[in-house]
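Asker: Pasting in a structure now, in structure tokens, and then I'll have a few things to ask.
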Amino acid sequence: MQLLKIIINREFKARVRNKSFVVMTFMSPLLAVFMLFLITYLSKVNTEEKKEIAVYDPTDKLQEILFDTQKVTYHFLDKASLEQSKDWVVSKKLFGLIYFAENTESKPQITFYTDNSPGPTLVSDIESKVNEYYWRQDLKSQGIDPELFKKKQNGAVIDLQSFSGKKTSKTATYVKMFFGGTSGYLIMMFIVIYGNMVMRSVIEEKTNRIIEIIISSVKPFYLMLGKIIGTSLAGLLQFTIWIVLGFILTQILGAFFTFDEPQTMTSAGSFDLPILIQSIAELPLALMIVSFFLYFIGGYFLYSAIYAAIGASVDNETDTQQFLLPILLPLILGVYVGFVTVFDNPHGSVATLFSIFPLTSPIVMLMRIPFGVPWWQLAASLILLFVSFVVVVWFAGKIYRVGILMYGKKPTYKELYKWLKY
Amino acid sequence: MENKVLEVKNVSKSYDNYLALNNVSLSINQGTIFGLLGPNGAGKTSLIRIINQITMPDSGTILFNGKPLSQSHIKQIGYLPEERGLYKSMKVGEQVLYLARLKGIEKSEAKTKIDFWFKKFGIESWWNKKIEELSKGMAQKIQFIVTVLHEPKLLIFDEPFSGFDPINAEIIKNEILLLKEKGATIIFSTHRMESVEELCDDIALMNKSNLILNGNLSAVKESFKQNIFEVKLKIFEEHKSIEAIHKKIDIIENIFDPIKNINSFKIQLAQGKTANDLLSELSKAGSIILFKELIPSVNDIFIHAVKMDSYAIA
């Protein structure tokens, strides 16, 4: 145990002192925040360009419908014909021309002539304004007050409630998707990044040839275990720093930049802060944190033991490709199954199966937990994960033990199987 | 009976279809330097790895100070592998400390010992250097310190001089002799036969997974001598004498130096004759300048024994 501690200590320090770790840890949150602001800034600049659009409307109806906004200025033309209007727009180099022709059925016929490509929001904005105008006209012609109608319309809201009496809402579903998806995705990222780190470190010891000195002092299994644990601690440190740095940076930068409230949030009205807070509070947070921890340990150890065995069987990193694909597949599958199946039907048979299968369960189960998972499934999934974790670490230890002393040839799967019996 | 540090009894080991060690038995006496010799692939490293408990034998037993080899003996063994290296980006001091602690030495004790060795080699200033900043020879010195730092009772050096320049090789050789004086037992695996002659008390020769020769170095040499004598002779009457000698003595080689008028012979002693018989024959033919029995070098023994073994197998 004492030796294991010494190894963990060294592996942790070796990871943390590595230049790329320092750069990654401190630069990537900066970079991420910088990119975020750059994107917001650029999109702001983009939308600030005002579009000038001409309107040729013999019926003069559009003057009641389209008003200048921050982004668009409308020029209402009184030309004799459509052709003349077109020529004028082209000569003035305006953004486009809207031609309105009312046909006999009270449906408007609108054509938007433009050589630029108008964004979908611009087009749908005009469409909805025209539609609303006609809708109001229709109601009025039937003797109904549109304002009153609107008020009455909003009366019915479907209350979502589980049989045990828990109230839910659509927002709550989104919150669950967000939290589940993020934790599942984080675990996948962590496994890939830090599994690779373990593998590279094993290859380094092998090519350095220090391995024989070390394993004449400690059992290879302890070295492997110490490496895996030490590296995971470095990873946890990195994540913690990211979270703290990310929080601080957004606070600082947020003070300098003022955001326009995104329009969708204010106008759509579906965004409701109290409901959001309530639905976060209603998440099984304690269970989520505990299971994140458990699945993190199980999943990370399961995979990094395989990564360590791969590192031990090859002489250099380029030889790892053929062995890496089979372990990347279940990880990618887990994320896809999570994002597609779980969000669509969190308790469907596919989602349930993948959340119990140990190679995908750390990802898929974490995505399912916010939606509520039966205890027996959680227990089955965890037991299976930890049983296979022990089995895989044991097998990986065997391959590792033989592999670290093998030089010069790229092993095949058949040879790896033989190593298990040495 | 001498005190045996290590006894290897009927050890066999095979990998897959390949037999690496075939029923090897040998024992190593306390306070001696034991030369483990053999061509590449003979099984030396396999045996050394088993002694270091890096791998386990398929059959057979190993006794360390009379007790079956176990994990508790690891602290008492120091191993310098042939293929060696260190963490490139780790600082020298930290690295030696880490490897010492893996051998079970407490931190403070390890530091004192490291100070001692660093001073001895005059490398105190290297503590904060990284291995990648050192030359190969410098790294080898660090490696030597790592091997001996925990004062093991049994030291195993696999090709210890490879990578050293002659000056550093001499330093290391003297250190090895000092360790022996202090009572350490040393297993020494090498291809450099001259260092075997110089250092080893006992030798074992391995070939194709088998132990083909084992024993005290001088006894082995004695058993390999072929009763060949080197003689320098100033012959009295050239033609007559040579013919007379030829009749009685089996001359293998004859080189004549006309300026000094000296013949250099290599002579095979005939069956049943003694060196004295030969001497008296020779003294009749001329005045003897040199008379010496040719004792085979370890190199000769090595080549001879391996060849014989290969014939035997073929």
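Identifiers for the structure tokens are assigned positionally: chains receive A, B, ... in sequence, residues are indexed from 1 per chain, and ligands are indexed from 1 in the order shown.
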So that I can see what lies close to region 354-367 of chain A, please list as a ChimeraX atom specification the residues with an atom at most 6 Å from it, counting only C-alpha atoms and leaving out residues fewer than 3 positions away in the same chain.
Answerer: /A:180-181,184,295,299,334,338,351,381,385
Asker: Would you kindly return, as a ChimeraX atom specification, each protein, DNA or RNA residue with an atom no farther than 6 Å from any atom of Ala204 (chain B), considering only C-alpha atoms and excluding same-chain residues fewer than 5 positions away?
Answerer: /B:36,213-214
Asker: Which residue, B:Val231, B:Ile212, B:Leu99, B:Leu21, has the smallest gap to Phe302 (chain B) when you use only C-alpha atoms?
Answerer: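 Nearest candidate to Phe302 (chain B) out of B:Val231, B:Ile212, B:Leu99, B:Leu21: B:Ile212.
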Asker: Sort by chain and increasing residue number a table of all residues of chain B within 8 Å of chain A, each with its closest pair of atoms and their distance in Å to one decimal, counting only C-alpha atoms, and write it as JSON lines.
Answerer:
{"residue": "B:Tyr15", "atom": "CA", "partner": "A:Tyr422", "partner_atom": "CA", "distance": 7.4}
{"residue": "B:Asp16", "atom": "CA", "partner": "A:Lys418", "partner_atom": "CA", "distance": 7.6}
{"residue": "B:Asn52", "atom": "CA", "partner": "A:Ser216", "partner_atom": "CA", "distance": 5.7}
{"residue": "B:Gln53", "atom": "CA", "partner": "A:Ser216", "partner_atom": "CA", "distance": 6.8}
{"residue": "B:Ile54", "atom": "CA", "partner": "A:Ser216", "partner_atom": "CA", "distance": 5.8}
{"residue": "B:Ile74", "atom": "CA", "partner": "A:Ser217", "partner_atom": "CA", "distance": 6.2}
{"residue": "B:Lys75", "atom": "CA", "partner": "A:Ser217", "partner_atom": "CA", "distance": 7.5}
{"residue": "B:Tyr79", "atom": "CA", "partner": "A:Ile213", "partner_atom": "CA", "distance": 7.0}
{"residue": "B:Leu80", "atom": "CA", "partner": "A:Ile213", "partner_atom": "CA", "distance": 7.2}
{"residue": "B:Pro81", "atom": "CA", "partner": "A:Glu212", "partner_atom": "CA", "distance": 6.9}
{"residue": "B:Glu83", "atom": "CA", "partner": "A:Arg209", "partner_atom": "CA", "distance": 6.0}
{"residue": "B:Arg84", "atom": "CA", "partner": "A:Arg209", "partner_atom": "CA", "distance": 5.0}
{"residue": "B:Gly85", "atom": "CA", "partner": "A:Ile210", "partner_atom": "CA", "distance": 4.6}
{"residue": "B:Leu86", "atom": "CA", "partner": "A:Ile210", "partner_atom": "CA", "distance": 4.9}
{"residue": "B:Tyr87", "atom": "CA", "partner": "A:Asn208", "partner_atom": "CA", "distance": 6.7}
{"residue": "B:Lys88", "atom": "CA", "partner": "A:Asn208", "partner_atom": "CA", "distance": 7.6}
{"residue": "B:Met90", "atom": "CA", "partner": "A:Ala14", "partner_atom": "CA", "distance": 7.7}
{"residue": "B:Tyr98", "atom": "CA", "partner": "A:Ile6", "partner_atom": "CA", "distance": 7.5}
{"residue": "B:Leu99", "atom": "CA", "partner": "A:Ile214", "partner_atom": "CA", "distance": 7.2}
{"residue": "B:Arg101", "atom": "CA", "partner": "A:Ile6", "partner_atom": "CA", "distance": 7.6}
{"residue": "B:Leu102", "atom": "CA", "partner": "A:Leu3", "partner_atom": "CA", "distance": 6.0}
{"residue": "B:Lys103", "atom": "CA", "partner": "A:Ser217", "partner_atom": "CA", "distance": 5.7}
{"residue": "B:Gly104", "atom": "CA", "partner": "A:Leu3", "partner_atom": "CA", "distance": 7.7}
Asker: In Å, rounded to a single decimal, give me how far CA of Val390 (chain A) is from CA of Gly348 (chain A).
Answerer: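 Between CA of Gly348 (chain A) and CA of Val390 (chain A) the gap works out to 28.8 Å.
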Asker: In Å, with one decimal, what is the gap from CA of Asn128 (chain B) to CA of Leu97 (chain B)?
Answerer: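 That distance, rounded to one decimal, is 12.2 Å.
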Asker: Give me the residues within 10 Å of Asn216 (chain B) as a PyMOL selection string, counting only C-alpha atoms and dropping any in the same chain fewer than 5 places off.
Answerer: chain B and resi 34-35+200-204+221-222
Asker: For the selection just defined, write its residues with C-alpha atoms to a file, as a JSON list (two decimals), in the first residue's frame.
Answerer:
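See part_26.json below for the written result:
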[["chain", "number", "residue", "atom", "x", "y", "z"],
["B", 34, "PHE", "CA", 29.73, -14.68, -10.06],
["B", 35, "GLY", "CA", 30.09, -14.37, -13.81],
["B", 200, "CYS", "CA", 34.96, -13.07, -11.22],
["B", 201, "ASP", "CA", 35.55, -15.76, -8.66],
["B", 202, "ASP", "CA", 33.09, -18.24, -10.09],
["B", 203, "ILE", "CA", 31.55, -18.53, -13.51],
["B", 204, "ALA", "CA", 28.63, -20.25, -15.15],
["B", 221, "LYS", "CA", 40.54, -22.94, -16.46],
["B", 222, "GLU", "CA", 42.51, -25.82, -15.07]]
Asker: Suppose you want the space between CA of Leu382 (chain A) and CA of Trp242 (chain A); what is it in Å?
Answerer: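 Distance between the two atoms: 28.0 Å.
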Asker: Assign secondary structure with DSSP using the backbone only, and return the residues of region 213-382 of chain A in helix (DSSP H, G or I) as a PyMOL selection string.
Answerer: chain A and resi 213-215+220-256+263-268+273-282+285-313+317-344+349-356+361-371+375-382
Asker: Which residues, written as a list in words, have at least one atom at most 6 Å from Lys232 (chain B), with only C-alpha atoms counted and residues fewer than 5 positions away on the same chain left out?
Answerer: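 The residues satisfying every condition are Asn263, Ser264, Ile289 and Leu290 of chain B.
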Asker: Go ahead and dump the residues you just picked, N, CA and C atoms, as a CSV table (one decimal), in the first residue's frame.
Answerer:
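After the write, part05.csv holds the following:
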chain,number,residue,atom,x,y,z
B,263,ASN,N,63.8,-19.8,-31.6
B,263,ASN,CA,62.6,-20.5,-32.1
B,263,ASN,C,61.5,-20.4,-31.0
B,264,SER,N,60.3,-20.0,-31.5
B,264,SER,CA,59.2,-20.0,-30.6
B,264,SER,C,58.3,-21.2,-30.9
B,289,ILE,N,64.7,-20.1,-23.1
B,289,ILE,CA,64.5,-18.7,-22.7
B,289,ILE,C,63.2,-18.5,-22.0
B,290,LEU,N,62.2,-19.3,-22.5
B,290,LEU,CA,60.9,-19.2,-21.9
B,290,LEU,C,60.2,-20.6,-21.9
Asker: Find the spatial neighbours of Ser162 (chain B), counting only C-alpha atoms, within a cut-off of 12 Å - ignore same-chain residues fewer than 5 positions away - and output them as a PDB file with N, CA and C atoms, in the first residue's frame.
Answerer:
ATOM      1  N   LEU B  80      20.782  -3.998 -12.032  1.00  0.00           N
ATOM      2  CA  LEU B  80      21.066  -3.061 -13.112  1.00  0.00           C
ATOM      3  C   LEU B  80      20.839  -3.798 -14.425  1.00  0.00           C
ATOM      4  N   PRO B  81      19.684  -3.586 -15.054  1.00  0.00           N
ATOM      5  CA  PRO B  81      19.384  -4.349 -16.264  1.00  0.00           C
ATOM      6  C   PRO B  81      20.259  -3.898 -17.434  1.00  0.00           C
ATOM      7  N   GLU B  82      20.347  -4.779 -18.426  1.00  0.00           N
ATOM      8  CA  GLU B  82      21.125  -4.421 -19.607  1.00  0.00           C
ATOM      9  C   GLU B  82      20.434  -3.286 -20.358  1.00  0.00           C
ATOM     10  N   GLU B  83      19.135  -3.455 -20.573  1.00  0.00           N
ATOM     11  CA  GLU B  83      18.363  -2.397 -21.217  1.00  0.00           C
ATOM     12  C   GLU B  83      17.912  -1.468 -20.124  1.00  0.00           C
ATOM     13  N   ARG B  84      18.550  -0.338 -20.013  1.00  0.00           N
ATOM     14  CA  ARG B  84      18.196   0.513 -18.886  1.00  0.00           C
ATOM     15  C   ARG B  84      17.905   1.927 -19.346  1.00  0.00           C
ATOM     16  N   LYS B 136      24.912  10.186 -21.894  1.00  0.00           N
ATOM     17  CA  LYS B 136      24.590   8.780 -21.642  1.00  0.00           C
ATOM     18  C   LYS B 136      25.411   8.237 -20.468  1.00  0.00           C
ATOM     19  N   GLY B 137      26.702   8.594 -20.474  1.00  0.00           N
ATOM     20  CA  GLY B 137      27.574   8.118 -19.404  1.00  0.00           C
ATOM     21  C   GLY B 137      27.149   8.646 -18.039  1.00  0.00           C
ATOM     22  N   GLN B 140      24.264   6.798 -16.815  1.00  0.00           N
ATOM     23  CA  GLN B 140      24.674   5.469 -16.350  1.00  0.00           C
ATOM     24  C   GLN B 140      25.146   5.510 -14.899  1.00  0.00           C
ATOM     25  N   LYS B 141      25.839   6.602 -14.556  1.00  0.00           N
ATOM     26  CA  LYS B 141      26.290   6.747 -13.174  1.00  0.00           C
ATOM     27  C   LYS B 141      25.093   6.809 -12.233  1.00  0.00           C
ATOM     28  N   PHE B 157      24.352  -7.259 -12.007  1.00  0.00           N
ATOM     29  CA  PHE B 157      24.734  -6.312 -13.054  1.00  0.00           C
ATOM     30  C   PHE B 157      24.667  -7.020 -14.397  1.00  0.00           C
ATOM     31  N   ASN B 168      35.213   5.979 -16.745  1.00  0.00           N
ATOM     32  CA  ASN B 168      34.058   5.691 -15.901  1.00  0.00           C
ATOM     33  C   ASN B 168      33.885   4.197 -15.659  1.00  0.00           C
ATOM     34  N   ALA B 169      34.243   3.403 -16.672  1.00  0.00           N
ATOM     35  CA  ALA B 169      34.157   1.949 -16.500  1.00  0.00           C
ATOM     36  C   ALA B 169      35.086   1.516 -15.365  1.00  0.00           C
ATOM     37  N   ILE B 172      33.525   2.423 -12.034  1.00  0.00           N
ATOM     38  CA  ILE B 172      32.454   1.483 -11.691  1.00  0.00           C
ATOM     39  C   ILE B 172      33.042   0.140 -11.262  1.00  0.00           C
ATOM     40  N   SER B 189      26.722 -10.354 -15.443  1.00  0.00           N
ATOM     41  CA  SER B 189      26.460 -10.955 -16.732  1.00  0.00           C
ATOM     42  C   SER B 189      27.088 -10.088 -17.805  1.00  0.00           C
ATOM     43  N   THR B 190      27.932 -10.684 -18.617  1.00  0.00           N
ATOM     44  CA  THR B 190      28.633  -9.848 -19.594  1.00  0.00           C
ATOM     45  C   THR B 190      29.141 -10.658 -20.775  1.00  0.00           C
ATOM     46  N   HIS B 191      29.481  -9.925 -21.830  1.00  0.00           N
ATOM     47  CA  HIS B 191      30.197 -10.524 -22.951  1.00  0.00           C
ATOM     48  C   HIS B 191      31.671 -10.170 -22.896  1.00  0.00           C
ATOM     49  N   ARG B 192      32.008  -9.206 -22.032  1.00  0.00           N
ATOM     50  CA  ARG B 192      33.397  -8.710 -22.005  1.00  0.00           C
ATOM     51  C   ARG B 192      34.247  -9.634 -21.148  1.00  0.00           C
ATOM     52  N   SER B 195      36.905  -8.515 -18.493  1.00  0.00           N
ATOM     53  CA  SER B 195      36.420  -8.092 -17.181  1.00  0.00           C
ATOM     54  C   SER B 195      36.046  -9.298 -16.318  1.00  0.00           C
TER      55      SER B 195
END
